[in-house]
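So this block is work.cif, mmCIF, C-alpha atoms, pLDDT in the B column; chains and numbers go by the auth columns:
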```cif
data_input
loop_
_atom_site.group_PDB
_atom_site.id
_atom_site.type_symbol
_atom_site.label_atom_id
_atom_site.label_comp_id
_atom_site.label_asym_id
_atom_site.label_seq_id
_atom_site.Cartn_x
_atom_site.Cartn_y
_atom_site.Cartn_z
_atom_site.B_iso_or_equiv
_atom_site.auth_seq_id
_atom_site.auth_asym_id
ATOM 1 C CA MET A 1 0.000 0.000 0.000 70.00 1 L
ATOM 2 C CA ALA A 2 2.855 2.372 0.800 77.00 2 L
ATOM 3 C CA VAL A 3 4.294 1.843 -2.664 82.00 3 L
ATOM 4 C CA VAL A 4 0.939 2.555 -4.268 82.00 4 L
ATOM 5 C CA ALA A 5 0.472 5.707 -2.168 81.00 5 L
ATOM 6 C CA ALA A 6 3.944 6.936 -3.113 86.00 6 L
ATOM 7 C CA PHE A 7 3.247 6.273 -6.786 90.00 7 L
ATOM 8 C CA VAL A 8 -0.015 8.210 -6.595 90.00 8 L
ATOM 9 C CA LEU A 9 1.729 11.202 -4.997 91.00 9 L
ATOM 10 C CA VAL A 10 4.504 11.185 -7.590 93.00 10 L
ATOM 11 C CA ALA A 11 1.969 10.867 -10.411 94.00 11 L
ATOM 12 C CA ALA A 12 -0.055 13.759 -8.954 94.00 12 L
ATOM 13 C CA PHE A 13 3.047 15.937 -8.715 96.00 13 L
ATOM 14 C CA VAL A 14 4.082 15.176 -12.296 96.00 14 L
ATOM 15 C CA PHE A 15 0.550 15.802 -13.560 96.00 15 L
ATOM 16 C CA GLY A 16 0.298 19.086 -11.670 97.00 16 L
ATOM 17 C CA TYR A 17 3.714 20.222 -12.846 98.00 17 L
ATOM 18 C CA LEU A 18 2.942 19.505 -16.502 97.00 18 L
ATOM 19 C CA VAL A 19 -0.375 21.375 -16.322 97.00 19 L
ATOM 20 C CA GLY A 20 1.352 24.259 -14.569 96.00 20 L
ATOM 21 C CA SER A 21 3.950 24.307 -17.341 96.00 21 L
ATOM 22 C CA ILE A 22 1.334 25.179 -19.972 95.00 22 L
ATOM 23 C CA PRO A 23 2.316 28.809 -20.700 93.00 23 L
ATOM 24 C CA ILE A 24 -1.141 30.257 -21.349 93.00 24 L
ATOM 25 C CA THR A 25 -0.115 33.896 -20.934 92.00 25 L
ATOM 26 C CA TYR A 26 2.902 33.401 -23.187 92.00 26 L
ATOM 27 C CA LEU A 27 0.822 31.704 -25.887 93.00 27 L
ATOM 28 C CA ILE A 28 -1.853 34.416 -25.856 92.00 28 L
ATOM 29 C CA ALA A 29 0.815 37.111 -26.061 90.00 29 L
ATOM 30 C CA ARG A 30 2.465 35.301 -28.997 90.00 30 L
ATOM 31 C CA TRP A 31 -0.915 35.142 -30.696 91.00 31 L
ATOM 32 C CA ARG A 32 -1.107 38.915 -30.265 88.00 32 L
ATOM 33 C CA GLY A 33 2.367 39.320 -31.788 86.00 33 L
ATOM 34 C CA HIS A 34 4.477 39.675 -28.628 86.00 34 L
ATOM 35 C CA ASP A 35 7.223 37.456 -27.239 85.00 35 L
ATOM 36 C CA LEU A 36 7.272 37.938 -23.469 85.00 36 L
ATOM 37 C CA LEU A 37 10.605 36.146 -23.218 84.00 37 L
ATOM 38 C CA THR A 38 12.341 38.916 -25.149 82.00 38 L
ATOM 39 C CA GLU A 39 10.229 41.932 -24.197 78.00 39 L
ATOM 40 C CA GLY A 40 10.255 43.824 -20.926 68.00 40 L
ATOM 41 C CA ARG A 41 11.965 41.983 -18.092 67.00 41 L
ATOM 42 C CA GLY A 42 11.729 38.695 -19.939 63.00 42 L
ATOM 43 C CA GLY A 43 9.346 37.109 -17.467 72.00 43 L
ATOM 44 C CA VAL A 44 6.041 35.485 -18.314 83.00 44 L
ATOM 45 C CA SER A 45 3.462 36.952 -15.955 78.00 45 L
ATOM 46 C CA GLY A 46 0.049 38.555 -16.093 77.00 46 L
ATOM 47 C CA SER A 47 1.480 41.953 -15.156 77.00 47 L
ATOM 48 C CA THR A 48 3.981 41.803 -18.015 79.00 48 L
ATOM 49 C CA ALA A 49 1.221 40.713 -20.383 82.00 49 L
ATOM 50 C CA MET A 50 -0.924 43.695 -19.365 82.00 50 L
ATOM 51 C CA GLU A 51 1.984 45.997 -20.156 81.00 51 L
ATOM 52 C CA ARG A 52 2.584 44.430 -23.572 83.00 52 L
ATOM 53 C CA ILE A 53 -0.793 43.375 -24.967 85.00 53 L
ATOM 54 C CA GLY A 54 -3.178 45.589 -23.013 84.00 54 L
ATOM 55 C CA VAL A 55 -4.882 45.531 -19.630 84.00 55 L
ATOM 56 C CA ILE A 56 -7.962 43.492 -20.556 89.00 56 L
ATOM 57 C CA PRO A 57 -6.341 40.745 -22.675 86.00 57 L
ATOM 58 C CA GLY A 58 -3.345 40.644 -20.344 85.00 58 L
ATOM 59 C CA ALA A 59 -5.531 40.300 -17.264 88.00 59 L
ATOM 60 C CA GLY A 60 -7.582 37.614 -19.000 90.00 60 L
ATOM 61 C CA ALA A 61 -4.456 35.675 -19.878 88.00 61 L
ATOM 62 C CA GLY A 62 -3.190 35.982 -16.323 88.00 62 L
ATOM 63 C CA LEU A 63 -6.532 34.751 -14.995 92.00 63 L
ATOM 64 C CA PHE A 64 -6.411 31.623 -17.143 92.00 64 L
ATOM 65 C CA ASP A 65 -2.861 30.977 -15.932 93.00 65 L
ATOM 66 C CA ALA A 66 -3.940 31.478 -12.316 92.00 66 L
ATOM 67 C CA LEU A 67 -6.732 28.920 -12.678 94.00 67 L
ATOM 68 C CA LYS A 68 -4.404 26.074 -13.689 96.00 68 L
ATOM 69 C CA PRO A 69 -4.012 24.798 -10.117 95.00 69 L
ATOM 70 C CA GLY A 70 -7.779 24.948 -9.702 94.00 70 L
ATOM 71 C CA LEU A 71 -8.237 22.663 -12.693 95.00 71 L
ATOM 72 C CA VAL A 72 -5.642 20.286 -11.297 96.00 72 L
ATOM 73 C CA ILE A 73 -7.402 20.202 -7.924 96.00 73 L
ATOM 74 C CA LEU A 74 -10.829 19.536 -9.415 95.00 74 L
ATOM 75 C CA LEU A 75 -9.508 16.689 -11.540 95.00 75 L
ATOM 76 C CA ALA A 76 -7.394 15.173 -8.767 94.00 76 L
ATOM 77 C CA GLN A 77 -10.215 15.208 -6.228 92.00 77 L
ATOM 78 C CA ARG A 78 -12.407 13.214 -8.592 91.00 78 L
ATOM 79 C CA VAL A 79 -10.027 10.257 -8.388 88.00 79 L
ATOM 80 C CA ALA A 80 -7.948 10.809 -5.262 86.00 80 L
ATOM 81 C CA SER A 81 -7.872 12.376 -1.808 91.00 81 L
ATOM 82 C CA TYR A 82 -7.644 15.987 -0.665 93.00 82 L
ATOM 83 C CA GLU A 83 -3.996 15.436 0.220 93.00 83 L
ATOM 84 C CA VAL A 84 -3.176 14.220 -3.281 94.00 84 L
ATOM 85 C CA SER A 85 -4.931 17.198 -4.844 95.00 85 L
ATOM 86 C CA ALA A 86 -2.922 19.516 -2.581 95.00 86 L
ATOM 87 C CA VAL A 87 0.330 17.991 -3.834 95.00 87 L
ATOM 88 C CA ALA A 88 -0.835 18.388 -7.428 96.00 88 L
ATOM 89 C CA ALA A 89 -1.769 22.023 -6.792 96.00 89 L
ATOM 90 C CA LEU A 90 1.637 22.816 -5.319 97.00 90 L
ATOM 91 C CA ALA A 91 3.269 21.157 -8.325 97.00 91 L
ATOM 92 C CA ALA A 92 1.149 23.286 -10.677 97.00 92 L
ATOM 93 C CA VAL A 93 2.495 26.443 -9.032 97.00 93 L
ATOM 94 C CA VAL A 94 6.037 25.112 -9.351 97.00 94 L
ATOM 95 C CA GLY A 95 5.370 24.361 -13.020 96.00 95 L
ATOM 96 C CA HIS A 96 4.050 27.881 -13.563 95.00 96 L
ATOM 97 C CA ILE A 97 7.163 29.486 -12.080 94.00 97 L
ATOM 98 C CA TRP A 98 9.619 27.058 -13.691 94.00 98 L
ATOM 99 C CA PRO A 99 7.796 25.683 -16.773 94.00 99 L
ATOM 100 C CA LEU A 100 9.445 22.886 -18.701 94.00 100 L
ATOM 101 C CA THR A 101 7.920 24.279 -21.892 93.00 101 L
ATOM 102 C CA LEU A 102 9.765 27.612 -21.634 91.00 102 L
ATOM 103 C CA ARG A 103 13.048 26.281 -20.307 87.00 103 L
ATOM 104 C CA PHE A 104 12.061 27.165 -16.740 90.00 104 L
ATOM 105 C CA ARG A 105 11.362 30.849 -17.439 88.00 105 L
ATOM 106 C CA GLY A 106 7.868 31.381 -16.095 89.00 106 L
ATOM 107 C CA GLY A 107 5.746 33.750 -14.068 88.00 107 L
ATOM 108 C CA ARG A 108 5.837 34.901 -10.465 88.00 108 L
ATOM 109 C CA GLY A 109 3.257 32.423 -9.239 92.00 109 L
ATOM 110 C CA VAL A 110 1.228 34.790 -7.042 92.00 110 L
ATOM 111 C CA GLY A 111 -2.036 34.285 -8.917 92.00 111 L
ATOM 112 C CA PRO A 112 -1.736 30.496 -9.231 94.00 112 L
ATOM 113 C CA ALA A 113 -0.710 30.147 -5.571 95.00 113 L
ATOM 114 C CA GLY A 114 -3.708 32.186 -4.429 93.00 114 L
ATOM 115 C CA ALA A 115 -6.069 30.248 -6.675 94.00 115 L
ATOM 116 C CA ALA A 116 -4.655 26.947 -5.429 95.00 116 L
ATOM 117 C CA LEU A 117 -5.359 27.865 -1.810 93.00 117 L
ATOM 118 C CA ALA A 118 -8.839 29.100 -2.727 93.00 118 L
ATOM 119 C CA PHE A 119 -9.742 25.867 -4.529 94.00 119 L
ATOM 120 C CA LEU A 120 -8.427 23.914 -1.542 93.00 120 L
ATOM 121 C CA GLY A 121 -10.970 25.735 0.602 88.00 121 L
ATOM 122 C CA VAL A 122 -8.501 27.918 2.458 86.00 122 L
ATOM 123 C CA TRP A 123 -10.512 31.016 3.379 86.00 123 L
ATOM 124 C CA GLN A 124 -7.460 32.571 5.021 85.00 124 L
ATOM 125 C CA MET A 125 -5.968 33.131 1.562 82.00 125 L
ATOM 126 C CA ALA A 126 -8.065 36.309 1.516 86.00 126 L
ATOM 127 C CA LEU A 127 -5.191 37.779 3.548 86.00 127 L
ATOM 128 C CA ALA A 128 -2.893 37.306 0.567 88.00 128 L
ATOM 129 C CA PHE A 129 -5.325 39.189 -1.643 84.00 129 L
ATOM 130 C CA VAL A 130 -5.678 41.979 0.921 87.00 130 L
ATOM 131 C CA GLY A 131 -1.895 42.233 1.195 85.00 131 L
ATOM 132 C CA LEU A 132 -1.535 42.459 -2.572 81.00 132 L
ATOM 133 C CA VAL A 133 -4.121 45.237 -2.807 82.00 133 L
ATOM 134 C CA LEU A 134 -2.687 47.188 0.126 84.00 134 L
ATOM 135 C CA GLY A 135 0.794 46.910 -1.363 81.00 135 L
ATOM 136 C CA ARG A 136 -0.465 48.350 -4.619 76.00 136 L
ATOM 137 C CA VAL A 137 -2.386 51.165 -2.904 82.00 137 L
ATOM 138 C CA LEU A 138 0.103 52.131 -0.200 81.00 138 L
ATOM 139 C CA LEU A 139 3.449 51.332 -1.816 76.00 139 L
ATOM 140 C CA LYS A 140 2.504 51.464 -5.501 79.00 140 L
ATOM 141 C CA ASP A 141 4.003 47.981 -5.670 80.00 141 L
ATOM 142 C CA SER A 142 2.085 44.753 -5.090 84.00 142 L
ATOM 143 C CA ALA A 143 5.180 42.572 -4.548 86.00 143 L
ATOM 144 C CA PRO A 144 5.807 43.400 -0.846 88.00 144 L
ATOM 145 C CA GLY A 145 2.114 43.201 -0.009 90.00 145 L
ATOM 146 C CA ALA A 146 1.735 39.831 -1.706 91.00 146 L
ATOM 147 C CA LEU A 147 4.716 38.449 0.212 92.00 147 L
ATOM 148 C CA VAL A 148 3.362 39.646 3.558 93.00 148 L
ATOM 149 C CA GLY A 149 -0.117 38.432 2.626 93.00 149 L
ATOM 150 C CA PHE A 150 0.986 34.877 1.882 95.00 150 L
ATOM 151 C CA LEU A 151 3.089 34.820 5.054 95.00 151 L
ATOM 152 C CA ALA A 152 0.099 36.052 7.073 94.00 152 L
ATOM 153 C CA THR A 153 -2.067 33.377 5.455 94.00 153 L
ATOM 154 C CA ALA A 154 0.279 30.602 6.565 94.00 154 L
ATOM 155 C CA VAL A 155 0.690 32.034 10.072 95.00 155 L
ATOM 156 C CA VAL A 156 -3.054 32.531 10.649 94.00 156 L
ATOM 157 C CA MET A 157 -3.823 29.049 9.314 93.00 157 L
ATOM 158 C CA SER A 158 -1.333 27.596 11.799 93.00 158 L
ATOM 159 C CA PHE A 159 -3.394 28.951 14.697 92.00 159 L
ATOM 160 C CA THR A 160 -6.981 28.710 13.466 89.00 160 L
ATOM 161 C CA GLY A 161 -7.562 24.981 13.333 86.00 161 L
ATOM 162 C CA ALA A 162 -6.848 24.400 9.636 86.00 162 L
ATOM 163 C CA SER A 163 -5.963 20.863 8.604 91.00 163 L
ATOM 164 C CA VAL A 164 -2.331 19.813 8.733 93.00 164 L
ATOM 165 C CA THR A 165 -2.338 19.343 4.952 93.00 165 L
ATOM 166 C CA ALA A 166 -3.696 22.827 4.302 92.00 166 L
ATOM 167 C CA VAL A 167 -1.194 24.414 6.707 94.00 167 L
ATOM 168 C CA LEU A 168 1.737 22.592 5.134 95.00 168 L
ATOM 169 C CA VAL A 169 0.636 23.585 1.643 95.00 169 L
ATOM 170 C CA ALA A 170 0.263 27.237 2.678 95.00 170 L
ATOM 171 C CA TRP A 171 3.781 27.328 4.105 96.00 171 L
ATOM 172 C CA MET A 172 5.200 25.497 1.097 96.00 172 L
ATOM 173 C CA MET A 173 3.457 27.948 -1.249 96.00 173 L
ATOM 174 C CA PHE A 174 5.105 30.815 0.618 96.00 174 L
ATOM 175 C CA VAL A 175 8.521 29.134 0.414 96.00 175 L
ATOM 176 C CA VAL A 176 8.094 28.417 -3.312 96.00 176 L
ATOM 177 C CA LEU A 177 7.166 32.048 -3.984 95.00 177 L
ATOM 178 C CA VAL A 178 10.239 33.264 -2.082 94.00 178 L
ATOM 179 C CA ILE A 179 12.524 30.855 -3.947 94.00 179 L
ATOM 180 C CA GLY A 180 10.907 31.961 -7.197 91.00 180 L
ATOM 181 C CA ARG A 181 11.821 35.556 -6.396 88.00 181 L
ATOM 182 C CA VAL A 182 15.395 34.700 -5.493 87.00 182 L
ATOM 183 C CA LEU A 183 16.045 32.403 -8.450 84.00 183 L
ATOM 184 C CA GLY A 184 13.503 33.719 -10.944 68.00 184 L
ATOM 185 C CA TYR A 185 14.653 34.571 -14.444 61.00 185 L
ATOM 186 C CA ARG A 186 15.431 38.206 -15.122 60.00 186 L
ATOM 187 C CA LYS A 187 16.381 39.628 -18.466 53.00 187 L
ATOM 188 C CA SER A 188 18.530 42.378 -16.967 54.00 188 L
ATOM 189 C CA GLN A 189 21.629 41.546 -14.969 58.00 189 L
ATOM 190 C CA PRO A 190 21.996 42.805 -11.391 57.00 190 L
ATOM 191 C CA THR A 191 24.042 45.962 -10.982 60.00 191 L
ATOM 192 C CA ALA A 192 27.729 45.466 -10.325 54.00 192 L
ATOM 193 C CA TYR A 193 27.681 47.643 -7.206 51.00 193 L
ATOM 194 C CA ALA A 194 24.925 45.726 -5.455 61.00 194 L
ATOM 195 C CA SER A 195 26.076 43.482 -2.605 76.00 195 L
ATOM 196 C CA LEU A 196 24.733 39.958 -2.448 75.00 196 L
ATOM 197 C CA ALA A 197 22.746 40.799 0.684 78.00 197 L
ATOM 198 C CA SER A 198 21.104 43.871 -0.850 79.00 198 L
ATOM 199 C CA LEU A 199 20.436 41.986 -4.070 77.00 199 L
ATOM 200 C CA MET A 200 18.674 39.178 -2.185 81.00 200 L
ATOM 201 C CA LEU A 201 16.695 41.738 -0.176 82.00 201 L
ATOM 202 C CA TRP A 202 15.483 43.496 -3.316 81.00 202 L
ATOM 203 C CA ARG A 203 14.562 40.195 -4.943 84.00 203 L
ATOM 204 C CA VAL A 204 12.654 38.815 -1.959 85.00 204 L
ATOM 205 C CA TRP A 205 10.906 42.045 -0.964 85.00 205 L
ATOM 206 C CA PHE A 206 10.376 43.789 -4.307 81.00 206 L
ATOM 207 C CA ASP A 207 10.832 40.883 -6.739 83.00 207 L
ATOM 208 C CA ARG A 208 13.400 42.794 -8.770 77.00 208 L
ATOM 209 C CA ASP A 209 17.141 43.485 -8.849 74.00 209 L
ATOM 210 C CA ARG A 210 17.269 47.231 -8.439 67.00 210 L
ATOM 211 C CA PRO A 211 15.156 50.205 -7.280 59.00 211 L
#
```

Same coordinates, now as structure tokens:
Amino acid sequence: MAVVAAFVLVAAFVFGYLVGSIPITYLIARWRGHDLLTEGRGGVSGSTAMERIGVIPGAGAGLFDALKPGLVILLAQRVASYEVSAVAALAAVVGHIWPLTLRFRGGRGVGPAGAALAFLGVWQMALAFVGLVLGRVLLKDSAPGALVGFLATAVVMSFTGASVTAVLVAWMMFVVLVIGRVLGYRKSQPTAYASLASLMLWRVWFDRDRP
């Protein structure tokens, strides 16, 4: 039974990762005549798409990308447990940030991570949305607010009776988003005068290499 359970988890992760690797935003932008890998910062995200192909089509593309984990969860829960669907959802976010189809140059993962928690029934993920909005309103930059929001989501879930699976997934989502910021692809190289510590701070807090 243990072997079967392990196989199911591995299969769910692979399935989620492959679905997450479908670069919907990139494909829609290409259809509109733009290559997001060579334009702007070189990242494939809904915000970049809005800058390049327009607010409405860019937001629509980002929404479809964000819903990939939701699709994975709905499909996984039809044939497996909640825990298996959670693994698949996490893998879909990983696939979105580091997609096999684009040589691991994907999006930031904020939208997919939020959607994954929502489809898993995590009401506390509203904190991530609030943080994103407040960051945009108060700091004119959603990156710090999103980071604080996802951290707050994981912390609150840890003390409000959420299931162990949901809590673990929330913390792992936060960790994946942080790693994505630190290691995420950037078209521009970091400035020569930036120390490693300041560079890491800018990447984690503001999701970019320089002011």

Do a neighbour search on segment 104-117 of chain L at 7 Å with all atoms listed in the file, toss out local chain neighbours closer than 5 positions, and write the hits as a list in words.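 Once the adjacent positions are removed, what remains is Gly43, Val44, Ser45, Asp65, Ala66, Leu67, Lys68, Pro69, Gly70, Ala89, Val93, His96, Ile97, Trp98, Pro99, Val122, Met125, Met173, Leu177, Gly180 and Tyr185 of chain L.
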
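Residue nearest Val175 of chain L, chosen from L:Ala197, L:Arg136, L:Leu90, L:Gly95 and counting all atoms listed in the file: L:Leu90.
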
If we count all atoms listed in the file and set the cut-off at 10 Å, which residues sit around segment 48-63 of chain L, ignoring sequence neighbours fewer than 5 positions away in its own chain? Please answer as a PyMOL selection string. chain L and resi 23-30+32-36+39-43+68+107+111-112+115

May I have the residues within 12 Å of Ala154 of chain L as a PDB file with C-alpha atoms, in the coordinates of the input, using all atoms listed in the file and disregarding those fewer than 2 positions away in the same chain?
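Final file, selection_9.pdb:
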```
ATOM      1  CA  GLY L 114      -3.708  32.186  -4.429  1.00 93.00           C
ATOM      2  CA  LEU L 117      -5.359  27.865  -1.810  1.00 93.00           C
ATOM      3  CA  VAL L 122      -8.501  27.918   2.458  1.00 86.00           C
ATOM      4  CA  TRP L 123     -10.512  31.016   3.379  1.00 86.00           C
ATOM      5  CA  GLN L 124      -7.460  32.571   5.021  1.00 85.00           C
ATOM      6  CA  MET L 125      -5.968  33.131   1.562  1.00 82.00           C
ATOM      7  CA  ALA L 126      -8.065  36.309   1.516  1.00 86.00           C
ATOM      8  CA  LEU L 127      -5.191  37.779   3.548  1.00 86.00           C
ATOM      9  CA  ALA L 128      -2.893  37.306   0.567  1.00 88.00           C
ATOM     10  CA  LEU L 147       4.716  38.449   0.212  1.00 92.00           C
ATOM     11  CA  VAL L 148       3.362  39.646   3.558  1.00 93.00           C
ATOM     12  CA  GLY L 149      -0.117  38.432   2.626  1.00 93.00           C
ATOM     13  CA  PHE L 150       0.986  34.877   1.882  1.00 95.00           C
ATOM     14  CA  LEU L 151       3.089  34.820   5.054  1.00 95.00           C
ATOM     15  CA  ALA L 152       0.099  36.052   7.073  1.00 94.00           C
ATOM     16  CA  VAL L 156      -3.054  32.531  10.649  1.00 94.00           C
ATOM     17  CA  MET L 157      -3.823  29.049   9.314  1.00 93.00           C
ATOM     18  CA  SER L 158      -1.333  27.596  11.799  1.00 93.00           C
ATOM     19  CA  PHE L 159      -3.394  28.951  14.697  1.00 92.00           C
ATOM     20  CA  THR L 160      -6.981  28.710  13.466  1.00 89.00           C
ATOM     21  CA  GLY L 161      -7.562  24.981  13.333  1.00 86.00           C
ATOM     22  CA  ALA L 162      -6.848  24.400   9.636  1.00 86.00           C
ATOM     23  CA  SER L 163      -5.963  20.863   8.604  1.00 91.00           C
ATOM     24  CA  VAL L 164      -2.331  19.813   8.733  1.00 93.00           C
ATOM     25  CA  THR L 165      -2.338  19.343   4.952  1.00 93.00           C
ATOM     26  CA  ALA L 166      -3.696  22.827   4.302  1.00 92.00           C
ATOM     27  CA  VAL L 167      -1.194  24.414   6.707  1.00 94.00           C
ATOM     28  CA  LEU L 168       1.737  22.592   5.134  1.00 95.00           C
ATOM     29  CA  VAL L 169       0.636  23.585   1.643  1.00 95.00           C
ATOM     30  CA  ALA L 170       0.263  27.237   2.678  1.00 95.00           C
ATOM     31  CA  TRP L 171       3.781  27.328   4.105  1.00 96.00           C
ATOM     32  CA  MET L 172       5.200  25.497   1.097  1.00 96.00           C
ATOM     33  CA  MET L 173       3.457  27.948  -1.249  1.00 96.00           C
ATOM     34  CA  PHE L 174       5.105  30.815   0.618  1.00 96.00           C
ATOM     35  CA  VAL L 175       8.521  29.134   0.414  1.00 96.00           C
TER      36      VAL L 175
END
```

Write out as a PyMOL selection string the residues lying within 10 Å of Val182 of chain L, counting all atoms listed in the file and excluding same-chain residues fewer than 4 positions away. chain L and resi 176-178+199-205+207-209

Write the residues you've just listed into a file as a PDB file, in the frame of the given file, and include C-alpha atoms for each of them.
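Just written: selection.pdb:
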```pdb
ATOM      1  CA  VAL L 176       8.094  28.417  -3.312  1.00 96.00           C
ATOM      2  CA  LEU L 177       7.166  32.048  -3.984  1.00 95.00           C
ATOM      3  CA  VAL L 178      10.239  33.264  -2.082  1.00 94.00           C
ATOM      4  CA  LEU L 199      20.436  41.986  -4.070  1.00 77.00           C
ATOM      5  CA  MET L 200      18.674  39.178  -2.185  1.00 81.00           C
ATOM      6  CA  LEU L 201      16.695  41.738  -0.176  1.00 82.00           C
ATOM      7  CA  TRP L 202      15.483  43.496  -3.316  1.00 81.00           C
ATOM      8  CA  ARG L 203      14.562  40.195  -4.943  1.00 84.00           C
ATOM      9  CA  VAL L 204      12.654  38.815  -1.959  1.00 85.00           C
ATOM     10  CA  TRP L 205      10.906  42.045  -0.964  1.00 85.00           C
ATOM     11  CA  ASP L 207      10.832  40.883  -6.739  1.00 83.00           C
ATOM     12  CA  ARG L 208      13.400  42.794  -8.770  1.00 77.00           C
ATOM     13  CA  ASP L 209      17.141  43.485  -8.849  1.00 74.00           C
TER      14      ASP L 209
END
```

Close residues, segment 9-15 of chain L itself excluded, 7 Å, only C-alpha atoms, min 5 positions apart in chain, as a PyMOL selection string: chain L and resi 84+87-88+91

Interatomic distance between atom CA of Leu120 of chain L and atom CA of Arg181 of chain L?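 If I compute the distance from atom CA of Leu120 of chain L to atom CA of Arg181 of chain L, I get 23.9 Å.
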
Calculate how many Å separate atom CA of Met1 of chain L from atom CA of Glu83 of chain L, rounding to one decimal. 15.9 Å

Rank nothing, just name the residue among L:Ala118, L:Ala146, L:Phe64, L:Ala6 nearest to Val130 of chain L, using only C-alpha atoms.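 For Val130 of chain L, the nearest of the given residues is L:Ala146.
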
Find the distance between atom CA of Gly121 of chain L and atom CA of Val8 of chain L and write it in Å to one decimal. 21.9 Å

Picked residues, the PyMOL selection byres ((chain L and resi 101) around 7), expected as a count of residues only: 6

Counting all atoms listed in the file, the residue of L:Val155, L:Leu74, L:Ala143, L:Val133 that sits nearest Phe119 of chain L: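 Smallest distance to Phe119 of chain L is found for L:Leu74.
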
Model the absent atoms of segment 120-132 of chain L so that N, CA and C atoms are present, and write the result as a tab-separated table (two decimals), in the frame of the given file.
```
chain	number	residue	atom	x	y	z
L	120	LEU	N	-8.59	24.88	-2.63
L	120	LEU	CA	-8.43	23.91	-1.54
L	120	LEU	C	-9.29	24.27	-0.33
L	121	GLY	N	-10.05	25.35	-0.46
L	121	GLY	CA	-10.97	25.74	0.60
L	121	GLY	C	-10.33	26.51	1.73
L	122	VAL	N	-9.21	27.16	1.43
L	122	VAL	CA	-8.50	27.92	2.46
L	122	VAL	C	-9.02	29.36	2.45
L	123	TRP	N	-9.94	29.67	3.37
L	123	TRP	CA	-10.51	31.02	3.38
L	123	TRP	C	-9.49	32.07	3.81
L	124	GLN	N	-8.46	31.62	4.55
L	124	GLN	CA	-7.46	32.57	5.02
L	124	GLN	C	-6.65	33.18	3.89
L	125	MET	N	-6.73	32.58	2.68
L	125	MET	CA	-5.97	33.13	1.56
L	125	MET	C	-6.44	34.53	1.19
L	126	ALA	N	-7.60	34.94	1.73
L	126	ALA	CA	-8.06	36.31	1.52
L	126	ALA	C	-7.04	37.32	2.03
L	127	LEU	N	-6.24	36.90	3.03
L	127	LEU	CA	-5.19	37.78	3.55
L	127	LEU	C	-4.15	38.08	2.49
L	128	ALA	N	-3.86	37.09	1.64
L	128	ALA	CA	-2.89	37.31	0.57
L	128	ALA	C	-3.43	38.33	-0.42
L	129	PHE	N	-4.71	38.23	-0.73
L	129	PHE	CA	-5.32	39.19	-1.64
L	129	PHE	C	-5.33	40.59	-1.04
L	130	VAL	N	-5.67	40.68	0.24
L	130	VAL	CA	-5.68	41.98	0.92
L	130	VAL	C	-4.27	42.59	0.92
L	131	GLY	N	-3.27	41.74	1.20
L	131	GLY	CA	-1.90	42.23	1.20
L	131	GLY	C	-1.48	42.75	-0.16
L	132	LEU	N	-1.87	42.04	-1.21
L	132	LEU	CA	-1.54	42.46	-2.57
L	132	LEU	C	-2.16	43.82	-2.88
```
